[in-house]
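Structure record follows, encoded as structure tokens.
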Amino acid sequence: MTLKAFNAALSAQSALPNVPKNLTDVDCIWIKGVQENWIRFGNAVSDRILDRKRRVMSFAPGSVFAFIRWQSNDYGTIYSSIVIVRAVRSGEAYSTLTHIHPGGEILLQLSGWPKVSQVLQLINTIEALDINAADAAPDYWRHVHSRLSAGQVPRSYSLARHKAYLGRRALLS
């Protein structure tokens with residue numbers, strides 16, 4: 001399928017009356033052994049399957065999700081990255097990202113399998129505490145980004161940190 005046909009399919013899907021506007025759309029692709037783009041965590045409000053290899057997941061403004069990209073060729077992995085994004089509201093500033101429309105607020109962005117693997121381990125640790133990783137403090141993901149980018153070990157996420165974040169969020173709302 002050409003890029004023109006892909007964009008036409010996306011615009012036809014976005015014109016559906018039952019799909020809310022002002023959402024952040026993420027293009028997920030799965031081509032076995034070649035390319036995989038998937039959501040690791042996040043609470044999608046819409047999931048549209050375009051065909052066997054492509055789907056579009058949509059997220060409400062303010063929601064947080066993790067998007068992983070992986071590509072390989074005959075010799076193995078050539079690219080892997082993870083980005084943790086907060087979906088933006090209409091009128092907010094945002095960064096453009098490949099496969100994420102219109103873009104979002106980047107909380108964490110790392111590439112290279114060793115760093116991606118470390119982030120996946122941290123996500124598993126958070127989920128082991130019975131916390132949805134999408135509900136973790138956005139500041140924690142910024143902290144993880146900074147520490148891993150500098151080659152340092154990030155602090156672990158704890159129930160106490162999560163309770164403090166929830167308390168701060170309640171005070172500010």
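Within each chain, counting starts at residue 1; across the structure tokens, chains are named A, B, ... in the order shown, with ligands numbered 1 upward in that order.
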Near region 50-64 of chain A, counting only C-alpha atoms, which residues have an atom at most 8 Å away, once you skip same-chain residues fewer than 3 positions from it, shown as a ChimeraX atom specification? /A:9,22-31,42-47,84-89,134-135
Which of region 59-171 of chain A counts as strand (DSSP E or B) under DSSP, as a CSV table (one decimal) with C-alpha atoms, in the first residue's frame please?
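Resulting contents of selection03.csv:
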chain,number,residue,atom,x,y,z
A,59,PHE,CA,-5.9,8.5,23.3
A,64,VAL,CA,-0.1,8.9,29.1
A,65,PHE,CA,1.0,6.0,26.9
A,66,ALA,CA,4.2,4.2,25.9
A,67,PHE,CA,5.0,3.6,22.2
A,68,ILE,CA,7.7,1.2,21.1
A,69,ARG,CA,9.2,1.1,17.6
A,70,TRP,CA,11.3,-1.8,16.4
A,71,GLN,CA,12.8,-2.5,13.0
A,72,SER,CA,15.1,-5.2,11.7
A,73,ASN,CA,16.7,-6.5,8.5
A,76,GLY,CA,19.1,-8.4,13.1
A,77,THR,CA,17.7,-5.3,14.9
A,78,ILE,CA,18.5,-2.0,13.2
A,79,TYR,CA,16.4,0.3,15.2
A,80,SER,CA,14.5,0.2,18.5
A,81,SER,CA,13.0,3.1,20.5
A,82,ILE,CA,10.5,3.9,23.2
A,83,VAL,CA,8.7,7.1,23.8
A,84,ILE,CA,6.4,7.9,26.7
A,85,VAL,CA,4.0,10.6,25.7
A,86,ARG,CA,1.2,12.6,27.3
A,95,SER,CA,6.3,17.9,19.8
A,96,THR,CA,5.8,16.1,16.6
A,97,LEU,CA,6.6,12.4,16.6
A,100,ILE,CA,1.8,9.9,16.5
A,101,HIS,CA,-0.7,12.4,15.3
A,102,PRO,CA,-0.7,15.3,15.9
A,103,GLY,CA,2.1,14.7,18.5
A,104,GLY,CA,2.3,15.0,22.2
A,105,GLU,CA,4.3,16.1,25.3
A,106,ILE,CA,7.4,13.9,25.4
A,107,LEU,CA,8.0,12.6,28.9
A,108,LEU,CA,10.7,10.0,27.9
A,109,GLN,CA,12.4,9.3,24.6
A,110,LEU,CA,15.2,6.7,24.3
A,111,SER,CA,16.6,4.6,21.5
Mind listing the helix (DSSP H, G or I) residues of region 79-138 of chain A, per DSSP on the backbone, as a PyMOL selection string? chain A and resi 113-128+133-135+138
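As for CA of Ser173 (chain A) and CA of Val144 (chain A), they are spaced 25.3 Å apart.
With only C-alpha atoms as the atoms that count, the residue of A:Leu129, A:Leu122, A:Ile49, A:Val34 with the shortest distance to Val153 (chain A) is A:Leu122.
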One residue among A:Ala93, A:Val119, A:Ile39, A:Ile126 is nearest to Pro154 (chain A) when using only C-alpha atoms, and that residue is A:Val119
By how many Å are CA of Pro114 (chain A) and CA of Tyr94 (chain A) apart? 27.3 Å
What are the nearest atom pairs, with distances in Å to one decimal, for all residues of region 25-141 of chain A that come at most 12 Å from region 163-170 of chain A, using only C-alpha atoms, set out by chain and rising residue number as a Markdown table?
| residue | atom | partner | partner_atom | distance |
| --- | --- | --- | --- | --- |
| A:Ile131 | CA | A:Lys163 | CA | 10.7 |
| A:Asp135 | CA | A:Leu166 | CA | 9.1 |
| A:Ala136 | CA | A:Tyr165 | CA | 8.1 |
| A:Ala137 | CA | A:Tyr165 | CA | 6.0 |
| A:Pro138 | CA | A:Tyr165 | CA | 9.1 |
| A:Asp139 | CA | A:Tyr165 | CA | 9.1 |
| A:Tyr140 | CA | A:Tyr165 | CA | 9.7 |
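Reported to one decimal place, the separation of CA of Trp141 (chain A) from CA of Arg155 (chain A) is 10.6 Å.
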